[in-house]
file entry.cif (mmCIF, C-alpha atoms and all ligand atoms)
data_structure
loop_
_atom_site.label_atom_id
_atom_site.label_comp_id
_atom_site.auth_asym_id
_atom_site.auth_seq_id
_atom_site.Cartn_x
_atom_site.Cartn_y
_atom_site.Cartn_z
CA MET D 1 0.00 0.00 0.00
CA ARG D 2 1.24 3.50 -0.78
CA PRO D 3 2.48 5.55 2.20
CA LEU D 4 0.17 8.13 3.72
CA ARG D 5 1.51 11.67 4.08
CA LEU D 6 0.48 14.09 6.81
CA GLY D 7 0.14 17.77 5.97
CA VAL D 8 -0.23 19.87 9.12
CA ASN D 9 -2.42 22.94 8.74
CA ILE D 10 -1.13 25.73 10.99
CA ASP D 11 -3.90 28.30 10.38
CA HIS D 12 -5.17 28.26 13.93
CA VAL D 13 -1.81 29.04 15.45
CA ALA D 14 -2.25 32.30 13.55
CA THR D 15 -5.83 32.59 14.86
CA LEU D 16 -4.45 32.57 18.40
CA ARG D 17 -1.67 34.99 17.52
CA ASN D 18 -4.12 37.40 15.88
CA ALA D 19 -6.35 37.41 18.97
CA ARG D 20 -3.78 39.76 20.54
CA GLY D 21 -2.40 41.30 17.37
CA HIS D 22 1.23 40.62 18.31
CA ALA D 23 3.76 38.05 17.07
CA HIS D 24 3.18 35.18 19.51
CA PRO D 25 2.50 32.31 18.89
CA ASP D 26 4.32 32.29 15.57
CA PRO D 27 2.90 29.84 12.97
CA LEU D 28 6.39 29.46 11.52
CA ARG D 29 7.64 27.99 14.79
CA ALA D 30 4.64 25.65 14.81
CA ALA D 31 5.55 24.56 11.27
CA GLN D 32 9.13 23.79 12.34
CA LEU D 33 7.91 21.73 15.29
CA ALA D 34 5.36 19.97 13.07
CA LEU D 35 8.13 18.83 10.73
CA ALA D 36 10.19 17.64 13.69
CA ALA D 37 7.18 15.66 14.93
CA GLY D 38 6.63 13.79 11.67
CA ALA D 39 4.61 16.05 9.37
CA ASP D 40 5.51 15.55 5.71
CA GLY D 41 4.52 19.07 4.75
CA ILE D 42 2.78 22.23 5.89
CA THR D 43 -0.61 23.53 4.79
CA ALA D 44 -1.85 27.08 5.24
CA HIS D 45 -4.95 28.88 3.99
CA LEU D 46 -4.50 32.50 2.98
CA ARG D 47 -8.07 33.76 3.16
CA GLU D 48 -9.33 36.84 1.42
CA ASP D 49 -10.12 38.44 4.81
CA ARG D 50 -6.74 37.36 6.31
CA ARG D 51 -8.52 36.17 9.45
CA HIS D 52 -5.65 33.87 10.43
CA ILE D 53 -2.68 33.42 8.09
CA VAL D 54 -1.42 36.69 6.59
CA ASP D 55 0.75 37.35 3.56
CA ASP D 56 3.93 37.70 5.62
CA ASP D 57 3.34 34.24 7.16
CA ILE D 58 3.11 32.71 3.71
CA PHE D 59 6.31 34.40 2.51
CA ARG D 60 8.23 33.29 5.60
CA LEU D 61 6.80 29.76 5.44
CA ALA D 62 7.67 29.41 1.76
CA GLU D 63 11.25 30.45 2.46
CA MET D 64 11.69 28.16 5.47
CA LEU D 65 10.15 25.15 3.71
CA ALA D 66 12.16 25.68 0.51
CA ALA D 67 15.36 25.71 2.60
CA ARG D 68 14.34 22.39 4.15
CA ARG D 69 13.04 20.96 0.90
CA LYS D 70 9.62 20.37 2.42
CA PRO D 71 6.37 21.00 0.57
CA LEU D 72 4.08 23.96 1.17
CA ASN D 73 0.45 23.36 0.33
CA LEU D 74 -1.20 26.77 -0.12
CA GLU D 75 -4.97 26.68 0.29
CA MET D 76 -6.62 29.49 -1.62
CA ALA D 77 -9.75 30.63 -3.38
CA ALA D 78 -9.81 30.81 -7.17
CA THR D 79 -9.45 34.60 -7.31
CA GLU D 80 -7.12 36.86 -9.26
CA GLU D 81 -5.50 38.12 -6.07
CA MET D 82 -4.62 34.60 -4.89
CA HIS D 83 -3.51 33.62 -8.35
CA ALA D 84 -0.96 36.45 -8.32
CA ILE D 85 0.28 35.49 -4.84
CA ALA D 86 0.63 31.82 -5.81
CA LEU D 87 2.69 32.78 -8.84
CA ARG D 88 4.97 34.86 -6.63
CA ILE D 89 5.42 32.16 -3.98
CA ARG D 90 5.33 29.12 -6.25
CA PRO D 91 4.37 26.64 -3.52
CA HIS D 92 4.75 22.93 -4.17
CA ALA D 93 0.95 22.63 -4.21
CA ALA D 94 -2.13 24.84 -4.27
CA CYS D 95 -5.42 23.49 -3.00
CA ILE D 96 -8.34 25.45 -4.43
CA VAL D 97 -11.16 25.84 -1.93
CA PRO D 98 -14.49 27.64 -1.95
CA GLU D 99 -14.56 30.69 0.28
CA ARG D 100 -17.39 32.69 1.79
CA ARG D 101 -16.68 35.53 4.18
CA GLU D 102 -19.56 34.64 6.49
CA GLU D 103 -18.51 31.00 6.99
CA ARG D 104 -16.54 29.93 10.05
CA THR D 105 -14.50 27.42 8.10
CA THR D 106 -14.54 25.85 4.63
CA GLU D 107 -18.01 24.42 4.96
CA GLY D 108 -18.36 22.45 1.75
CA GLY D 109 -16.45 21.37 -1.32
CA LEU D 110 -15.81 23.40 -4.42
CA ASP D 111 -18.52 23.12 -7.08
CA VAL D 112 -16.10 22.20 -9.86
CA ALA D 113 -18.90 20.84 -12.05
CA GLY D 114 -20.66 24.21 -11.92
CA GLN D 115 -17.55 26.33 -12.51
CA ARG D 116 -15.61 24.49 -15.17
CA GLY D 117 -15.27 27.59 -17.35
CA HIS D 118 -13.68 29.59 -14.54
CA LEU D 119 -11.55 26.80 -13.07
CA ALA D 120 -10.04 25.27 -16.21
CA PRO D 121 -7.85 28.31 -17.12
CA PHE D 122 -7.07 28.86 -13.43
CA VAL D 123 -5.78 25.30 -13.01
CA ARG D 124 -3.90 25.53 -16.29
CA ALA D 125 -2.06 28.73 -15.32
CA LEU D 126 -0.96 27.36 -11.94
CA THR D 127 0.10 24.06 -13.48
CA LYS D 128 2.14 25.92 -16.09
CA ALA D 129 3.96 27.65 -13.22
CA GLY D 130 4.96 24.24 -11.83
CA ILE D 131 2.38 24.20 -9.00
CA ARG D 132 0.57 20.93 -8.31
CA VAL D 133 -3.10 21.86 -8.15
CA SER D 134 -5.64 20.07 -6.04
CA LEU D 135 -9.36 20.78 -5.83
CA PHE D 136 -11.18 20.48 -2.52
CA ILE D 137 -14.42 18.67 -3.34
CA GLU D 138 -17.27 16.66 -1.88
CA PRO D 139 -16.85 12.89 -2.41
CA GLU D 140 -19.11 12.78 -5.48
CA SER D 141 -18.36 11.22 -8.86
CA ARG D 142 -19.66 14.26 -10.78
CA GLN D 143 -17.20 16.52 -8.96
CA LEU D 144 -14.39 14.01 -9.58
CA ASP D 145 -15.23 13.86 -13.29
CA ALA D 146 -15.26 17.66 -13.41
CA ALA D 147 -11.90 17.86 -11.58
CA LYS D 148 -10.43 15.54 -14.18
CA ALA D 149 -12.01 17.56 -16.99
CA VAL D 150 -10.50 20.87 -15.79
CA GLY D 151 -7.05 19.25 -15.69
CA ALA D 152 -6.35 19.04 -11.94
CA PRO D 153 -3.93 16.20 -11.08
CA VAL D 154 -5.12 15.99 -7.46
CA VAL D 155 -8.36 16.18 -5.48
CA GLU D 156 -8.83 16.57 -1.75
CA LEU D 157 -12.01 14.95 -0.48
CA HIS D 158 -13.92 16.97 2.13
CA THR D 159 -14.25 14.72 5.18
CA GLY D 160 -16.49 17.14 7.13
CA ALA D 161 -19.74 15.22 6.56
CA TYR D 162 -18.10 11.97 7.72
CA CYS D 163 -16.60 13.62 10.81
CA GLU D 164 -19.89 15.21 11.85
CA ALA D 165 -22.16 12.21 11.19
CA LYS D 166 -23.13 9.71 13.86
CA GLY D 167 -24.07 6.01 13.78
CA ARG D 168 -25.33 4.70 10.45
CA ALA D 169 -25.02 8.08 8.81
CA ARG D 170 -21.31 7.99 9.62
CA ALA D 171 -20.93 4.55 8.02
CA ARG D 172 -22.69 5.86 4.91
CA ALA D 173 -20.49 8.96 4.81
CA LEU D 174 -17.39 6.78 5.16
CA ASN D 175 -18.63 4.60 2.35
CA ARG D 176 -18.98 7.67 0.11
CA LEU D 177 -15.34 8.54 0.86
CA VAL D 178 -14.21 4.98 0.08
CA ARG D 179 -16.08 4.93 -3.23
CA ALA D 180 -14.96 8.42 -4.23
CA ALA D 181 -11.30 7.60 -3.44
CA ARG D 182 -11.50 4.43 -5.51
CA TYR D 183 -13.10 6.30 -8.38
CA ALA D 184 -10.45 9.05 -8.18
CA GLU D 185 -7.73 6.41 -8.47
CA LYS D 186 -9.53 4.78 -11.37
CA ILE D 187 -9.70 7.98 -13.41
CA GLY D 188 -6.08 8.87 -12.60
CA LEU D 189 -6.47 11.52 -9.90
CA GLU D 190 -4.24 11.57 -6.83
CA CYS D 191 -6.50 11.57 -3.80
CA HIS D 192 -6.09 13.52 -0.55
CA ALA D 193 -8.59 14.12 2.25
CA GLY D 194 -9.18 16.44 5.15
CA HIS D 195 -11.38 18.59 7.37
CA GLY D 196 -12.55 17.82 10.88
CA LEU D 197 -10.21 14.87 11.41
CA ASP D 198 -9.25 14.01 14.99
CA PHE D 199 -7.74 11.12 16.96
CA ALA D 200 -11.05 9.23 17.05
CA ASN D 201 -12.07 9.48 13.41
CA VAL D 202 -8.76 9.51 11.51
CA GLY D 203 -8.20 5.74 11.45
CA ALA D 204 -11.03 4.84 9.08
CA VAL D 205 -9.92 7.50 6.58
CA ALA D 206 -6.23 6.60 6.89
CA ALA D 207 -7.16 3.00 6.05
CA ILE D 208 -8.56 3.94 2.63
CA PRO D 209 -5.77 2.72 0.30
CA ALA D 210 -6.39 5.23 -2.51
CA ILE D 211 -5.93 8.21 -0.17
CA VAL D 212 -2.27 9.25 -0.02
CA GLU D 213 -2.37 12.47 2.01
CA LEU D 214 -4.34 13.86 4.94
CA ASN D 215 -4.40 17.55 5.81
CA ILE D 216 -5.23 18.19 9.45
CA GLY D 217 -5.23 21.40 11.46
CA HIS D 218 -7.82 22.54 13.97
CA PHE D 219 -7.82 19.46 16.17
CA LEU D 220 -4.02 19.26 16.31
CA VAL D 221 -3.69 22.89 17.35
CA GLY D 222 -6.49 22.52 19.92
CA GLU D 223 -4.92 19.41 21.38
CA ALA D 224 -1.56 21.18 21.50
CA VAL D 225 -3.00 23.45 24.20
CA PHE D 226 -3.09 20.40 26.47
CA THR D 227 -0.18 18.25 25.36
CA GLY D 228 2.06 20.41 23.18
CA ILE D 229 2.13 20.52 19.39
CA GLU D 230 4.81 17.89 18.89
CA SER D 231 2.99 15.41 21.08
CA SER D 232 -0.36 16.01 19.35
CA ILE D 233 1.21 15.54 15.91
CA ARG D 234 3.19 12.47 16.94
CA ARG D 235 0.02 10.82 18.21
CA MET D 236 -1.87 11.65 15.00
CA ARG D 237 1.01 10.31 12.92
CA ALA D 238 1.04 7.08 14.95
CA LEU D 239 -2.73 6.60 14.58
CA MET D 240 -2.52 7.14 10.83
CA ASP D 241 0.39 4.72 10.49
CA GLU D 242 -1.33 2.09 12.64
CA ALA D 243 -4.54 2.27 10.60
CA ARG D 244 -2.58 2.10 7.35
CA ALA D 245 -0.59 -0.92 8.50
CA GLY D 246 -3.80 -2.63 9.67
CA ALA D 247 -5.45 -2.03 6.30
CA ALA D 248 -2.39 -3.32 4.43
CA ALA D 249 -2.51 -6.54 6.43
CA LYS D 250 -6.13 -7.25 5.42
CA PRO D 251 -6.57 -9.71 2.54
CA SER D 252 -8.75 -7.25 0.57
CA ALA D 253 -5.80 -4.83 0.47
CA GLY D 254 -3.96 -7.32 -1.68
CA ARG D 255 -6.22 -6.65 -4.65
CA LYS D 256 -3.24 -5.81 -6.85
CA ARG D 257 -0.70 -7.98 -5.01
CA LYS D 258 0.53 -11.13 -6.69
CA SER D 259 -0.41 -14.31 -4.85
CA ARG D 260 2.54 -16.26 -3.51
N1 LIG L 1 -8.15 20.66 3.96
C1 LIG L 1 -8.73 21.80 3.53
C2 LIG L 1 -8.86 22.01 2.06
C3 LIG L 1 -9.20 22.78 4.43
O1 LIG L 1 -9.79 23.90 3.97
C4 LIG L 1 -9.02 22.55 5.81
C5 LIG L 1 -9.47 23.59 6.78
O2 LIG L 1 -8.75 24.74 6.60
C6 LIG L 1 -8.38 21.38 6.21
C7 LIG L 1 -7.98 20.43 5.27
C8 LIG L 1 -8.10 21.09 7.65
O3 LIG L 1 -9.29 20.98 8.37
P1 LIG L 1 -9.24 20.96 9.95
O4 LIG L 1 -8.65 22.27 10.39
O5 LIG L 1 -10.67 20.78 10.35
O6 LIG L 1 -8.37 19.80 10.35
#

call {"tool": "encode", "arguments": {"input": "entry.cif", "output": "structure tokens", "more": "lines below"}}
Ligand code: PXP
result
Amino acid sequence: MRPLRLGVNIDHVATLRNARGHAHPDPLRAAQLALAAGADGITAHLREDRRHIVDDDIFRLAEMLAARRKPLNLEMAATEEMHAIALRIRPHAACIVPERREERTTEGGLDVAGQRGHLAPFVRALTKAGIRVSLFIEPESRQLDAAKAVGAPVVELHTGAYCEAKGRARARALNRLVRAARYAEKIGLECHAGHGLDFANVGAVAAIPAIVELNIGHFLVGEAVFTGIESSIRRMRALMDEARAGAAAKPSAGRKRKSR
């Protein structure tokens, strides 16, 4: 089974910093500790209203990560302003997300199927600049088909509905993620996932073989208040790795393995 990467989203370190308007706690320091604790890369969302991460954070992060040869995944809306910033920074990856000022967080996936005309040239321009584009979408085949059609090499499946659901609804939501990830793989899209993941719900998502990256933020930063950021990330990393190893050991995971 392919390894599973962890991208740590440091937005809410900036939320805490901005509450006082000074420099502490610095998201850059959180990013350095995240890498030391086993993160494969750093994710940050530069929102139009700059409610957490600000431009200077992104410039500093890009510089620090380039020096360490670690990937920066810049989450951004498909706007001209963000397009210009992405071309200046040239992050390893850009994850295009929907954005509404009045929302608390990214509440749903991008409607790629409804915005093909706008997104296709946007994806093309970023790709031409050497940026690996991913589209943050609901786990639906029509959105996956549309992502493929606009030329994105990667999708990130929104796990919010799964994380919020209870009982049977959760099993159904998980099933939608499993099917969407399989379909993404089938049509040649690299598949990531994220939003709302925590220690209790990460295992089932980490065990989906077609998913190769998880992006996790709010829970890790919240848990860091109690145990420290390195400890919270180490525990998440261990839970992901355990679930992955467990899934690899199951006979169904050997779909493509040769029998001995
Ligand atoms: N992936 C994307 C595209 C997101 O927008 C977010 C939230 O910023 C996350 C992952 C991380 O979600 P959470 O902070 O709930 O872990």

call {"tool": "closest_residue", "arguments": {"input": "entry.cif", "among": "D:Cys163, D:Ala113, D:Val154, D:Leu144", "to": "Arg179 of chain D", "atoms": "only C-alpha atoms"}}
result
D:Leu144

call {"tool": "closest_residue", "arguments": {"input": "entry.cif", "among": "D:Ala129, D:Ala120, D:Pro251, D:Arg182", "to": "Ser141 of chain D", "atoms": "all atoms listed in the file"}}
result
D:Arg182

call {"tool": "residues_near_ligand", "arguments": {"input": "entry.cif", "ligand": "ligand LIG 1 (chain L)", "cutoff": "7 Å", "atoms": "all atoms listed in the file", "output": "JSON, numbers by chain"}}
result
{"D": [9, 45, 75, 95, 97, 105, 106, 136, 156, 193, 194, 195, 196, 197, 215, 216, 217, 218, 219]}

call {"tool": "write_last_selection", "arguments": {"input": "entry.cif", "atoms": "C-alpha atoms", "output": "PDB file, keeping the file's coordinate frame"}}
result
ATOM      1  CA  ASN D   9      -2.420  22.940   8.740  1.00  0.00           C
ATOM      2  CA  HIS D  45      -4.950  28.880   3.990  1.00  0.00           C
ATOM      3  CA  GLU D  75      -4.970  26.680   0.290  1.00  0.00           C
ATOM      4  CA  CYS D  95      -5.420  23.490  -3.000  1.00  0.00           C
ATOM      5  CA  VAL D  97     -11.160  25.840  -1.930  1.00  0.00           C
ATOM      6  CA  THR D 105     -14.500  27.420   8.100  1.00  0.00           C
ATOM      7  CA  THR D 106     -14.540  25.850   4.630  1.00  0.00           C
ATOM      8  CA  PHE D 136     -11.180  20.480  -2.520  1.00  0.00           C
ATOM      9  CA  GLU D 156      -8.830  16.570  -1.750  1.00  0.00           C
ATOM     10  CA  ALA D 193      -8.590  14.120   2.250  1.00  0.00           C
ATOM     11  CA  GLY D 194      -9.180  16.440   5.150  1.00  0.00           C
ATOM     12  CA  HIS D 195     -11.380  18.590   7.370  1.00  0.00           C
ATOM     13  CA  GLY D 196     -12.550  17.820  10.880  1.00  0.00           C
ATOM     14  CA  LEU D 197     -10.210  14.870  11.410  1.00  0.00           C
ATOM     15  CA  ASN D 215      -4.400  17.550   5.810  1.00  0.00           C
ATOM     16  CA  ILE D 216      -5.230  18.190   9.450  1.00  0.00           C
ATOM     17  CA  GLY D 217      -5.230  21.400  11.460  1.00  0.00           C
ATOM     18  CA  HIS D 218      -7.820  22.540  13.970  1.00  0.00           C
ATOM     19  CA  PHE D 219      -7.820  19.460  16.170  1.00  0.00           C
TER      20      PHE D 219
END

call {"tool": "closest_residue", "arguments": {"input": "entry.cif", "among": "D:Asn175, D:Gln115, D:Thr127, D:Ser232", "to": "Pro139 of chain D", "atoms": "only C-alpha atoms"}}
result
D:Asn175

call {"tool": "atom_distance", "arguments": {"input": "entry.cif", "atom1": "atom CA of Asp40 of chain D", "atom2": "atom CA of Arg176 of chain D"}}
result
26.3 Å

call {"tool": "residues_near_point", "arguments": {"input": "entry.cif", "point": "(-14.1, 36.8, 1.1)", "cutoff": "12 Å", "atoms": "only C-alpha atoms", "output": "VMD selection string"}}
result
chain D and resid 46 to 51 76 to 79 81 to 82 97 to 106

call {"tool": "atom_distance", "arguments": {"input": "entry.cif", "atom1": "atom CA of Ala249 of chain D", "atom2": "atom CA of Ala207 of chain D"}}
result
10.6 Å

call {"tool": "residues_around", "arguments": {"input": "entry.cif", "residues": "Glu230 of chain D", "least_positions_apart": "6", "cutoff": "8 Å", "atoms": "all atoms listed in the file", "output": "PyMOL selection string"}}
result
chain D and resi 33-34+36-37+224

call {"tool": "atom_distance", "arguments": {"input": "entry.cif", "atom1": "atom CA of Ala67 of chain D", "atom2": "atom CA of Arg29 of chain D"}}
result
14.6 Å

call {"tool": "residues_near_point", "arguments": {"input": "entry.cif", "point": "(-9.0, 4.4, -3.6)", "cutoff": "9 Å", "atoms": "only C-alpha atoms", "output": "PDB file with C-alpha atoms, keeping the file's coordinate frame"}}
result
ATOM      1  CA  LEU D 177     -15.340   8.540   0.860  1.00  0.00           C
ATOM      2  CA  VAL D 178     -14.210   4.980   0.080  1.00  0.00           C
ATOM      3  CA  ARG D 179     -16.080   4.930  -3.230  1.00  0.00           C
ATOM      4  CA  ALA D 180     -14.960   8.420  -4.230  1.00  0.00           C
ATOM      5  CA  ALA D 181     -11.300   7.600  -3.440  1.00  0.00           C
ATOM      6  CA  ARG D 182     -11.500   4.430  -5.510  1.00  0.00           C
ATOM      7  CA  TYR D 183     -13.100   6.300  -8.380  1.00  0.00           C
ATOM      8  CA  ALA D 184     -10.450   9.050  -8.180  1.00  0.00           C
ATOM      9  CA  GLU D 185      -7.730   6.410  -8.470  1.00  0.00           C
ATOM     10  CA  LYS D 186      -9.530   4.780 -11.370  1.00  0.00           C
ATOM     11  CA  CYS D 191      -6.500  11.570  -3.800  1.00  0.00           C
ATOM     12  CA  ILE D 208      -8.560   3.940   2.630  1.00  0.00           C
ATOM     13  CA  PRO D 209      -5.770   2.720   0.300  1.00  0.00           C
ATOM     14  CA  ALA D 210      -6.390   5.230  -2.510  1.00  0.00           C
ATOM     15  CA  ILE D 211      -5.930   8.210  -0.170  1.00  0.00           C
TER      16      ILE D 211
END

call {"tool": "closest_residue", "arguments": {"input": "entry.cif", "among": "D:Ile131, D:Ala147, D:Ala19, D:Val212", "to": "Gly117 of chain D", "atoms": "all atoms listed in the file"}}
result
D:Ala147

call {"tool": "closest_residue", "arguments": {"input": "entry.cif", "among": "D:His92, D:His24, D:Arg170, D:Arg116", "to": "Ser134 of chain D", "atoms": "all atoms listed in the file"}}
result
D:His92

call {"tool": "residues_around", "arguments": {"input": "entry.cif", "residues": "Asp26 of chain D", "least_positions_apart": "6", "cutoff": "7 Å", "atoms": "only C-alpha atoms", "output": "VMD selection string"}}
result
chain D and resid 13 to 14 17

call {"tool": "closest_residue", "arguments": {"input": "entry.cif", "among": "D:Met1, D:Ala200, D:Ala146, D:Ala125", "to": "Glu164 of chain D", "atoms": "only C-alpha atoms"}}
result
D:Ala200
